[in-house]
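Everything below concerns the one structure shown next.
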Protein chains: 10
Amino acid sequence: MPPFSPFALSTRLASRAIVPAASTFVRPSVAYTVSRRFHPTRMASKPIATLDASLVSRLPESSPTLFEAKRKLNLTFEAIAKELGRDEVAVAAIFYGQAQASPEDIKKLSEVLNIPHEKLEAQIPPIPDRGRTLDMPPKDPLIYRLFEVVQNYGYAYKGVLNEKFGDGIMSAISFSTKVEKETDEKGDWAVITLRGKW
Amino acid sequence: MPPFSPFALSTRLASRAIVPAASTFVRPSVAYTVSRRFHPTRMASKPIATLDASLVSRLPESSPTLFEAKRKLNLTFEAIAKELGRDEVAVAAIFYGQAQASPEDIKKLSEVLNIPHEKLEAQIPPIPDRGRTLDMPPKDPLIYRLFEVVQNYGYAYKGVLNEKFGDGIMSAISFSTKVEKETDEKGDWAVITLRGKW
Amino acid sequence: MPPFSPFALSTRLASRAIVPAASTFVRPSVAYTVSRRFHPTRMASKPIATLDASLVSRLPESSPTLFEAKRKLNLTFEAIAKELGRDEVAVAAIFYGQAQASPEDIKKLSEVLNIPHEKLEAQIPPIPDRGRTLDMPPKDPLIYRLFEVVQNYGYAYKGVLNEKFGDGIMSAISFSTKVEKETDEKGDWAVITLRGKW
Amino acid sequence: MPPFSPFALSTRLASRAIVPAASTFVRPSVAYTVSRRFHPTRMASKPIATLDASLVSRLPESSPTLFEAKRKLNLTFEAIAKELGRDEVAVAAIFYGQAQASPEDIKKLSEVLNIPHEKLEAQIPPIPDRGRTLDMPPKDPLIYRLFEVVQNYGYAYKGVLNEKFGDGIMSAISFSTKVEKETDEKGDWAVITLRGKW
Amino acid sequence: MPPFSPFALSTRLASRAIVPAASTFVRPSVAYTVSRRFHPTRMASKPIATLDASLVSRLPESSPTLFEAKRKLNLTFEAIAKELGRDEVAVAAIFYGQAQASPEDIKKLSEVLNIPHEKLEAQIPPIPDRGRTLDMPPKDPLIYRLFEVVQNYGYAYKGVLNEKFGDGIMSAISFSTKVEKETDEKGDWAVITLRGKW
Amino acid sequence: MPPFSPFALSTRLASRAIVPAASTFVRPSVAYTVSRRFHPTRMASKPIATLDASLVSRLPESSPTLFEAKRKLNLTFEAIAKELGRDEVAVAAIFYGQAQASPEDIKKLSEVLNIPHEKLEAQIPPIPDRGRTLDMPPKDPLIYRLFEVVQNYGYAYKGVLNEKFGDGIMSAISFSTKVEKETDEKGDWAVITLRGKW
Amino acid sequence: MPPFSPFALSTRLASRAIVPAASTFVRPSVAYTVSRRFHPTRMASKPIATLDASLVSRLPESSPTLFEAKRKLNLTFEAIAKELGRDEVAVAAIFYGQAQASPEDIKKLSEVLNIPHEKLEAQIPPIPDRGRTLDMPPKDPLIYRLFEVVQNYGYAYKGVLNEKFGDGIMSAISFSTKVEKETDEKGDWAVITLRGKW
Amino acid sequence: MPPFSPFALSTRLASRAIVPAASTFVRPSVAYTVSRRFHPTRMASKPIATLDASLVSRLPESSPTLFEAKRKLNLTFEAIAKELGRDEVAVAAIFYGQAQASPEDIKKLSEVLNIPHEKLEAQIPPIPDRGRTLDMPPKDPLIYRLFEVVQNYGYAYKGVLNEKFGDGIMSAISFSTKVEKETDEKGDWAVITLRGKW
Amino acid sequence: MPPFSPFALSTRLASRAIVPAASTFVRPSVAYTVSRRFHPTRMASKPIATLDASLVSRLPESSPTLFEAKRKLNLTFEAIAKELGRDEVAVAAIFYGQAQASPEDIKKLSEVLNIPHEKLEAQIPPIPDRGRTLDMPPKDPLIYRLFEVVQNYGYAYKGVLNEKFGDGIMSAISFSTKVEKETDEKGDWAVITLRGKW
Amino acid sequence: MPPFSPFALSTRLASRAIVPAASTFVRPSVAYTVSRRFHPTRMASKPIATLDASLVSRLPESSPTLFEAKRKLNLTFEAIAKELGRDEVAVAAIFYGQAQASPEDIKKLSEVLNIPHEKLEAQIPPIPDRGRTLDMPPKDPLIYRLFEVVQNYGYAYKGVLNEKFGDGIMSAISFSTKVEKETDEKGDWAVITLRGKW
């Protein structure tokens with residue numbers, strides 16, 4: 001018997017996605033079920049992101065509320081983002097309390113996730129207290145890889161940016177970011193784009 | 001008199017770039033000077049990246065050699081990258097000892113920067129000892145902004161990536177990156193793209 | 001669809017401010033409602049500062065009490081400060097347990113925020129245990145910027161201050177501070193003034 | 001005999017300032033001496049800021065050059081700033097390698113401080129590698145007081161700024177700062193103003 | 001009386017293993033008891049790994065559930081791994097929330113450990129938030145020894161690996177590992193094998 | 001032009017290996033050159049491990065001596081290990097001052113590397129001062145991956161080891177280790193084996 | 001309106017001290033009330049020290065019990081110390097779990113603070129687990145100043161002490177300390193005396 | 001033979017003090033020798049404080065100059081302090097670069113220690129860069145004991161000081177300190193007094 | 001009145017020890033009381049070690065159970081150790097979850113401390129998760145002194161051990177330790193012996 | 001070929017010890033050589049402790065002087081200790097600058113090690129600046145094991161010591177220590193004894 005390989009698990013939650021409203025949660029209101037009928041692709045065909053219990057104490061009250069609803073409906077950030085008309089990283093950042101949600105966002109999140117509007121409005125902080133989710137250096141290997149990019153290429157970025165723009169900085173606030181998936185003959189590639197005002 | 005604003009300095013080294021081979025260095029060999037005649041745009045019209053003396057003890061021997069030559073010739077990473085046929089972030093990473101230089105890279109760097117080939121080959125480490133340039137958290141504001149992106153959006157990236165790709169990581173090794181400049185009515189934008197194998 | 005931009009959200013809570021006593025809280029006593037009628041501008045036309053749940057364990061008992069009342073009445077620090085006749089940074093510091101509240105302050109806070117006087121008097125520490133709200137370096141980008149100013153310009157301030165005043169320090173205790181907003185053709189500017197006894 | 005009080009030393013270097021070009025340095029070129037005759041007030045009547053030997057390894061090559069010249073001429077930052085037409089904090093920041101010097105600044109510094117222009121141009125980094133002068137928390141009491149202000153009032157500033165401007169940050173880059181001295185019946189007050197783009 | 005020697009305790013839980021379903025837990029359902037009859041060797045003849053109460057707050061909800069069931073049934077990771085058809089380190093990693101469990105794993109864990117399937121499915125995170133179990137440097141002497149191997153031989157491994165494979169890394173993600181026991185005349189030896197994609 | 005990919009550089013030093021005694025060093029004594037004739041495979045066909053200048057101050061005097069000789073002769077650890085009759089990780093550990101060299105080792109190293117015996121005997125510490133080469137967490141990505149294995153699987157190893165061996169530890173001192181290369185259809189695999197006395 | 005000055009608050013709790021047994025607590029037993037009649041000066045004319053809620057988890061069970069009783073009776077450490085016949089710093093240290101309380105101390109604390117004797121005896125640790133109240137560096141400005149004295153003058157004290165006493169140390173255990181208030185024309189001075197066995 | 005006791009060494013340098021100007025240094029100028037004749041008690045009858053070589057890189061240039069002269073003349077801080085008319089802790093702090101020296105101090109130090117006045121004036125920083133001598137927590141046991149006092153009694157001091165003075169701090173800048181020796185039947189006691197403006 | 005001296009408290013709990021089963025706990029079962037009659041010296045004549053509430057979250061469940069029973073019966077580790085036939089440091093280590101308890105130990109602890117056997121068996125971890133009780137550097141002065149011994153004499157021990165035994169280590173696992181008390185004319189001495197396999 | 005085992009090297013320097021005055025150093029003065037003739041056993045039959053070059057910057061000037069002489073004469077600490085009439089740990093501590101050397105010690109060290117007396121007297125600090133040799137946690141495995149003992153058993157020692165002695169500490173200053181070697185059928189045991197005044 002070979003030792004374990006933690007990444008040969010691709011079939012796991014696909015089947016669960018076929019019946020997303022199954023045994024682990026109570027079906028929400030009819031109106032919502034109906035609206036879901038028109039967006040079947042919204043349901044996750046891969047494991048969806050959930051909230052680790054050990055993170056809860058670092059997050060605003062809205063985070064467990066949002067993640068619990070997401071988990072029950074088995075929805076991806078992509079599906080929710082389409083409903084909100086926003087990018088999925090932005091939506092994930094709202095879930096983790098790292099980005100501001102507009103009143104429109106709150107309204108739509110309430111509808112999509114079947115959470116009472118007042119509850120959501122009271123729990124989502126009007127202005128985020130950013131950056132406290134994560135201790136640096138990050139321990140999770142995926143997030144560490146992004147940290148490693150900064151550690152290794154930080155000065156290279158600085159050198160090139162300064163030569164292109166002169167002295168200054170790329171804002172991490174007046175800033176947008178997205179994640180894309182590319183596939184070529186070598187396999188899948190994750191492409192992250194950071195775009196910041198100089 | 002108003003207090004100082006450290007970013008109204010755009011004219012500084014443009015004029016210096018007009019006579020890049022001027023008083024601060026000895027003119028290199030004729031052959032090289034000739035080759036430079038054909039690439040006038042290579043010369044920096046903005047301040048170029050140099051190496052802070054206080055970083056030298058953290059870098060391989062090749063770093064001060066490379067930066068000193070670059071400074072004397074007043075060349076940008078972009079200009080050098082064009083000669084090498086590589087991306088400018090890759091070239092900057094070679095300067096900081098963070099990426100491997102191929103024999104071809106070394107040969108071209110020697111020619112472009114007018115450094116004896118044997119010296120460069122002996123000084124550039126065959127395999128980089130990566131990551132030691134920088135203490136984290138980074139103190140330079142420009143590099144800190146990249147760190148801040150990871151700190152704030154780390155979990156959001158993880159959530160979205162996991163939903164797109166399943167469990168796993170984006171490699172920071174089988175990885176490429178680039179920096180681009182975009183301009184719109186709001187001003188200049190720095191765009192950094194990270195592309196890693198999943 | 002463009003990636004998300006976290007700062008195009010200016011309309012959010014303005015509308016909520018129009019009916020600040022609406023659905024999320026029980027209307028307070030009549031006396032208070034009356035007094036509010038005379039200060040309509042006190043009500044927030046922007047998102048107001050609230051208290052992140054993950055900070056509560058670092059603060060005195062009074063902090064959640066004060067912030068909860070502030071949130072229910074949708075009041076800004078500026079509005080509360082006017083009632084108290086104190087500066088708004090001082091009031092915010094009292095909310096976070098970082099500045100001493102006088103008996104007069106406590107009396108007025110009790111009235112403005114509709115909190116029983118005895119409760120407030122028992123919860124507000126007579127003498128603050130300062131500095132424990134925040135781990136340094138700060139993770140929130142806004143607070144980090146202030147930290148960065150000290151990190152970058154610390155020695156410059158020391159040099160200039162020593163030349164102006166001789167050896168010594170600027171007190172951070174016998175000290176006052178204020179925040180102002182200036183607007184010019186380039187946009188809004190935040191102006192923070194620190195004034196300390198030498 | 002009472003124990004020592006480290007701050008009763010106000011007379012120290014005033015007398016030295018009367019003969020600033022005295023024994024410890026070689027008199028510079030005539031042209032410069034002449035120009036100094038017209039600016040006698042430029043000479044320090046208080047101890048001037050010098051560079052501690054133990055900081056040199058953290059700074060660019062230009063820092064000891066600039067400070068050594070400043071010390072020999074016994075000039076304050078204020079005096080130098082007047083020559084450059086810039087704020088004195090900006091000048092101090094250039095001395096510590098924390099702000100960019102324009103070609104004009106370099107030219108004037110060369111003249112005022114009697115340093116060969118090529119030497120200064122080669123030593124001053126075109127783009128600063130900021131923030132490495134200082135380890136945080138700062139150990140020097142004067143700089144620590146500024147750190148303490150951020151530690152104690154960080155959240156209070158955030159709360160007030162967010163309420164005045166909405167979500168966002170005050171830039172520490174598109175930013176200016178100044179130091180002023182005020183005197184009233186209680187004594188001297190140091191006033192530091194930070195002004196940053198929102 | 002000699003001072004204590006903490007490792008002369010080999011007889012401890014062997015006897016307990018003879019009656020694993022004894023006093024400390026309620027016997028599970030009949031079906032399960034039957035199935036256990038066919039796997040008597042599965043029961044631990046040595047102390048089994050349990051979960052320290054002080055670790056619970058760092059782990060997903062599934063960890064105490066799984067460890068509690070394991071403890072009640074007095075099963076080793078080896079016994080559970082045989083049922084799952086996976087390596088025992090992989091199983092232990094699932095218990096600590098460090099490896100992904102497939103739907104098949106969850107189903108079998110539910111059966112072997114007599115835990116309701118829905119409960120386990122809801123508690124086991126679809127995608128692990130890795131690395132948060134442990135603060136580095138590890139304090140437990142056994143785990144510290146592994147850390148020490150990296151600390152002492154890190155550069156030796158890097159040197160040899162780079163010479164065998166060229167520049168690059170050994171993946172810690174596309175990776176498998178196993179633990180074996182060897183015995184020779186000198187006693188027992190623990191053999192840990194790491195196998196990672198280059 | 002695509003952004004850079006730092007790992008398509010496999011041809012680099014192969015050609016250099018063809019003439020390993022070339023321009024960068026003085027040819028050693030005849031006797032040695034002869035002995036090398038009989039071990040042509042000893043010469044590196046991949047980049048060899050060298051010593052980063054920034055590490056020298058953390059290592060014993062013997063380290064730069066050994067690495068400089070290794071670099072001049074373009075020898076791999078594997079080649080040297082064959083001469084010494086020891087494992088290549090052991091040899092690399094001697095180079096980094098992390099393992100004890102026997103008098104026999106010193107004698108052979110002196111011969112293979114053409115270093116005067118007395119010099120080597122005086123520089124190699126009789127008993128290593130271990131562990132100071134590396135700061136943890138390691139910054140080099142390759143070494144970090146080993147650290148990450150401990151961070152992620154530390155408790156899983158402990159659980160499995162304790163169940164196999166009872167309470168106790170695996171010695172990191174009475175310990176051997178090796179690195180092997182395996183190739184299958186998926187590519188190359190690095191296999192690291194740790195074997196420690198229980 | 002000027003920005004806030006946090007130290008113009010001297011009148012606050014003086015008035016409260018006039019009726020210390022007022023609304024916030026139940027009047028204790030008659031015997032106690034009587035004894036208080038004879039010590040009216042014991043009641044605080046300044047704000048008294050209370051226990052910040054965020055410190056409770058670092059202290060023994062006795063600390064909140066003692067501070068709560070002290071707060072209800074509005075007593076200073078000085079007043080309590082007089083009843084116990086001990087120094088007030090010693091009493092404060094007992095409140096914070098940093099000094100041992102004798103049976104006599106416990107008996108008197110029980111009487112003065114109106115706490116059942118058995119409760120106090122069970123809660124006060126027989127031997128303190130010292131030093132855990134405070135993380136260093138201290139964040140509270142007042143405690144930081146003492147830390148700063150050690151940081152700045154540590155070597156100066158060592159030099160003078162070694163010259164007076166030879167090699168050795170001043171015990172921090174066989175040690176006493178006191179706080180006194182002196183007033184001269186320049187204002188109030190705090191005088192702290194440390195007296196330790198050499 | 002008993003194991004070593006590091007503190008039975010009281011006779012060591014007493015004899016050396018008898019001939020302080022002996023073999024290890026060149027006798028200074030006559031004038032100075034004469035002045036010394038009148039202060040024979042100034043010479044150390046105990047080991048004097050010297051400067052550890054490993055501290056030099058953290059101190060201003062004046063520190064090794066001053067300590068070397070002090071060592072050659074075998075003078076205590078007490079002896080030097082008497083010449084300067086200042087407290088010995090103040091003098092020690094000047095030696096370690098932690099307190100400002102007045103022109104008068106510099107003049108007298110130059111005379112007492114036989115150091116050219118210009119050299120001393122150039123090396124002693126006009127304004128100290130305080131606090132960098134020492135990393136906290138201090139490792140030297142003597143200095144650690146002072147740190148431990150703050151760690152253990154920090155909150156007790158705060159409580160008592162706040163009750164005596166109200167809110168505020170004891171200045172560590174407008175501050176004096178002294179060290180005294182007391183002897184009673186139990187042996188020697190070191191008494192350190194801190195006196196700071198409130 | 002002199003300032004406090006925290007170590008003149010020797011009489012405290014002696015009297016309490018005379019009636020150890022008094023008011024603070026319910027007398028245990030008769031059988032136990034009888035057995036206690038035969039071991040009157042087991043009862044503490046000094047304050048006994050108890051468990052600080054702030055440590056509980058770092059320890060296994062068994063720790064508060066064991067300490068609470070010990071406190072109620074007023075027993076020393078020495079008394080318990082005699083019952084178990086083990087060394088008292090070993091017993092203390094079991095109480096703090098740092099050493100393995102054999103089934104025999106558990107049985108006897110259950111009897112001596114009057115704790116239900118099943119409860120104890122379920123709470124004591126079969127294999128300890130060592131080292132998490134304490135953060136290093138230790139803050140408690142007593143434990144710090146042991147840390148200081150390692151900090152000061154670490155290299156001296158290494159040097160002497162290596163010369164006596166050659167390269168290698170002293171095991172901290174195959175290891176025993178004891179504490180003894182010696183008294184001579186100078187007072188009491190604590191003697192700690194560490195004995196580890198080489 | 002098996003992987004390396006770093007501890008099968010026992011024969012190494014034994015042969016070197018036979019001719020300790022051989023090729024690596026110049027023979028000292030005749031007088032000394034004579035005295036050595038009478039102490040042949042003093043010469044090391046095992047590798048002797050030497051000073052790692054990377055430690056020199058943390059030690060007083062005397063350390064490299066002493067270690068270099070020791071290495072040239074191939075003497076153990078035991079041999080030197082016999083000459084001085086002191087314990088060998090004390091002597092090792094003097095070599096590392098951690099213990100005070102008496103004038104008698106210095107005289108004998110000068111003779112035994114053939115170092116000019118004035119040189120040694122000038123280099124050995126009269127009073128050690130202790131604890132700076134080592135960063136904690138220690139990285140060398142041998143020293144780490146001692147640290148681990150404190151980490152694991154710290155509270156157990158405290159508990160037992162407090163019960164034996166009451167509140168207080170074991171001095172690490174009024175303190176002696178020794179190292180002994182015991183051999184039984186299980187092999188060699190290192191025994192370290194710490195004896196401190198209570």
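Just so we're on the same page: first chain in the structure tokens is A, next is B, and so on; residues restart at 1 for each chain, and ligands are numbered from 1 in the order they show up.
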Identify, with DSSP run on backbone atoms, the residues in segment 118-176 of chain J assigned to helix (DSSP H, G or I), and express the list as a JSON list (two decimals) with N, CA, C and O atoms, in the first residue's frame.
[["chain", "number", "residue", "atom", "x", "y", "z"],
["J", 118, "GLU", "N", 50.21, 40.25, 30.68],
["J", 118, "GLU", "CA", 49.55, 41.56, 30.48],
["J", 118, "GLU", "C", 48.44, 41.48, 29.43],
["J", 118, "GLU", "O", 47.41, 42.12, 29.54],
["J", 119, "LYS", "N", 48.70, 40.71, 28.40],
["J", 119, "LYS", "CA", 47.69, 40.57, 27.35],
["J", 119, "LYS", "C", 46.41, 39.97, 27.93],
["J", 119, "LYS", "O", 45.30, 40.48, 27.71],
["J", 120, "LEU", "N", 46.58, 38.93, 28.68],
["J", 120, "LEU", "CA", 45.41, 38.26, 29.24],
["J", 120, "LEU", "C", 44.69, 39.17, 30.22],
["J", 120, "LEU", "O", 43.45, 39.26, 30.23],
["J", 121, "GLU", "N", 45.46, 39.84, 31.06],
["J", 121, "GLU", "CA", 44.84, 40.72, 32.05],
["J", 121, "GLU", "C", 44.06, 41.85, 31.36],
["J", 121, "GLU", "O", 42.99, 42.26, 31.83],
["J", 122, "ALA", "N", 44.59, 42.33, 30.25],
["J", 122, "ALA", "CA", 43.89, 43.41, 29.56],
["J", 122, "ALA", "C", 42.65, 42.91, 28.82],
["J", 122, "ALA", "O", 41.67, 43.64, 28.65],
["J", 123, "GLN", "N", 42.70, 41.67, 28.37],
["J", 123, "GLN", "CA", 41.58, 41.18, 27.56],
["J", 123, "GLN", "C", 40.44, 40.58, 28.36],
["J", 123, "GLN", "O", 39.27, 40.67, 27.96],
["J", 141, "PRO", "N", 21.98, 21.18, 19.18],
["J", 141, "PRO", "CA", 21.14, 20.15, 19.82],
["J", 141, "PRO", "C", 21.52, 19.85, 21.26],
["J", 141, "PRO", "O", 20.64, 19.63, 22.10],
["J", 142, "LEU", "N", 22.79, 19.87, 21.57],
["J", 142, "LEU", "CA", 23.20, 19.55, 22.94],
["J", 142, "LEU", "C", 22.69, 20.61, 23.92],
["J", 142, "LEU", "O", 22.13, 20.29, 24.97],
["J", 143, "ILE", "N", 22.86, 21.85, 23.56],
["J", 143, "ILE", "CA", 22.39, 22.92, 24.46],
["J", 143, "ILE", "C", 20.87, 22.97, 24.46],
["J", 143, "ILE", "O", 20.24, 23.23, 25.49],
["J", 144, "TYR", "N", 20.27, 22.67, 23.30],
["J", 144, "TYR", "CA", 18.80, 22.67, 23.25],
["J", 144, "TYR", "C", 18.21, 21.67, 24.25],
["J", 144, "TYR", "O", 17.16, 21.92, 24.84],
["J", 145, "ARG", "N", 18.88, 20.53, 24.44],
["J", 145, "ARG", "CA", 18.32, 19.54, 25.37],
["J", 145, "ARG", "C", 18.20, 20.11, 26.78],
["J", 145, "ARG", "O", 17.24, 19.80, 27.50],
["J", 146, "LEU", "N", 19.13, 20.95, 27.17],
["J", 146, "LEU", "CA", 19.04, 21.58, 28.50],
["J", 146, "LEU", "C", 17.88, 22.57, 28.54],
["J", 146, "LEU", "O", 17.14, 22.66, 29.52],
["J", 147, "PHE", "N", 17.75, 23.32, 27.47],
["J", 147, "PHE", "CA", 16.62, 24.24, 27.33],
["J", 147, "PHE", "C", 15.29, 23.47, 27.40],
["J", 147, "PHE", "O", 14.34, 23.90, 28.05],
["J", 148, "GLU", "N", 15.26, 22.33, 26.75],
["J", 148, "GLU", "CA", 14.04, 21.52, 26.71],
["J", 148, "GLU", "C", 13.68, 21.01, 28.11],
["J", 148, "GLU", "O", 12.50, 20.90, 28.46],
["J", 149, "VAL", "N", 14.69, 20.70, 28.88],
["J", 149, "VAL", "CA", 14.42, 20.28, 30.26],
["J", 149, "VAL", "C", 13.68, 21.39, 31.01],
["J", 149, "VAL", "O", 12.70, 21.14, 31.71],
["J", 150, "VAL", "N", 14.15, 22.62, 30.83],
["J", 150, "VAL", "CA", 13.49, 23.73, 31.51],
["J", 150, "VAL", "C", 12.07, 23.92, 30.97],
["J", 150, "VAL", "O", 11.12, 24.12, 31.71],
["J", 151, "GLN", "N", 11.93, 23.82, 29.64],
["J", 151, "GLN", "CA", 10.63, 24.01, 29.03],
["J", 151, "GLN", "C", 9.63, 22.94, 29.50],
["J", 151, "GLN", "O", 8.47, 23.23, 29.77],
["J", 152, "ASN", "N", 10.08, 21.72, 29.58],
["J", 152, "ASN", "CA", 9.15, 20.65, 29.95],
["J", 152, "ASN", "C", 8.91, 20.57, 31.45],
["J", 152, "ASN", "O", 7.79, 20.39, 31.90],
["J", 153, "TYR", "N", 9.98, 20.67, 32.22],
["J", 153, "TYR", "CA", 9.85, 20.41, 33.64],
["J", 153, "TYR", "C", 9.86, 21.68, 34.49],
["J", 153, "TYR", "O", 9.92, 21.62, 35.72],
["J", 154, "GLY", "N", 9.82, 22.86, 33.85],
["J", 154, "GLY", "CA", 9.92, 24.11, 34.60],
["J", 154, "GLY", "C", 8.92, 24.20, 35.73],
["J", 154, "GLY", "O", 9.28, 24.46, 36.89],
["J", 155, "TYR", "N", 7.66, 23.97, 35.43],
["J", 155, "TYR", "CA", 6.65, 24.07, 36.48],
["J", 155, "TYR", "C", 6.78, 22.93, 37.49],
["J", 155, "TYR", "O", 6.45, 23.12, 38.67],
["J", 156, "ALA", "N", 7.22, 21.77, 37.05],
["J", 156, "ALA", "CA", 7.41, 20.68, 38.01],
["J", 156, "ALA", "C", 8.50, 21.04, 39.01],
["J", 156, "ALA", "O", 8.36, 20.83, 40.22],
["J", 157, "TYR", "N", 9.59, 21.61, 38.52],
["J", 157, "TYR", "CA", 10.63, 22.06, 39.45],
["J", 157, "TYR", "C", 10.10, 23.13, 40.40],
["J", 157, "TYR", "O", 10.36, 23.10, 41.60],
["J", 158, "LYS", "N", 9.38, 24.07, 39.83],
["J", 158, "LYS", "CA", 8.84, 25.14, 40.69],
["J", 158, "LYS", "C", 7.95, 24.56, 41.78],
["J", 158, "LYS", "O", 8.04, 24.95, 42.94],
["J", 159, "GLY", "N", 7.07, 23.65, 41.39],
["J", 159, "GLY", "CA", 6.16, 23.07, 42.37],
["J", 159, "GLY", "C", 6.91, 22.37, 43.49],
["J", 159, "GLY", "O", 6.64, 22.59, 44.69],
["J", 160, "VAL", "N", 7.88, 21.54, 43.11],
["J", 160, "VAL", "CA", 8.61, 20.78, 44.13],
["J", 160, "VAL", "C", 9.49, 21.71, 44.97],
["J", 160, "VAL", "O", 9.54, 21.59, 46.21],
["J", 161, "LEU", "N", 10.15, 22.65, 44.33],
["J", 161, "LEU", "CA", 11.01, 23.57, 45.08],
["J", 161, "LEU", "C", 10.19, 24.41, 46.06],
["J", 161, "LEU", "O", 10.59, 24.61, 47.21],
["J", 162, "ASN", "N", 9.06, 24.92, 45.60],
["J", 162, "ASN", "CA", 8.23, 25.73, 46.49],
["J", 162, "ASN", "C", 7.73, 24.92, 47.67],
["J", 162, "ASN", "O", 7.63, 25.43, 48.78],
["J", 163, "GLU", "N", 7.44, 23.68, 47.44],
["J", 163, "GLU", "CA", 6.97, 22.87, 48.56],
["J", 163, "GLU", "C", 8.10, 22.54, 49.53],
["J", 163, "GLU", "O", 7.87, 22.39, 50.72],
["J", 164, "LYS", "N", 9.31, 22.43, 49.02],
["J", 164, "LYS", "CA", 10.43, 22.12, 49.90],
["J", 164, "LYS", "C", 10.93, 23.36, 50.64],
["J", 164, "LYS", "O", 11.41, 23.27, 51.77],
["J", 165, "PHE", "N", 10.86, 24.52, 49.98],
["J", 165, "PHE", "CA", 11.52, 25.70, 50.52],
["J", 165, "PHE", "C", 10.56, 26.86, 50.81],
["J", 165, "PHE", "O", 10.97, 27.87, 51.36]]
> For chain C, which residues have at least one atom within 9 Å of chain G, if we go by only C-alpha atoms? Write them as an MDAnalysis selection string, please.
Replying inline: chainID C and resid 56:61 85:91 99:104 118:119 121:122 125:132 172:179 193
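When atom CA of Leu66 of chain C is paired with atom CA of Tyr96 of chain C, their separation reads 9.1 Å.
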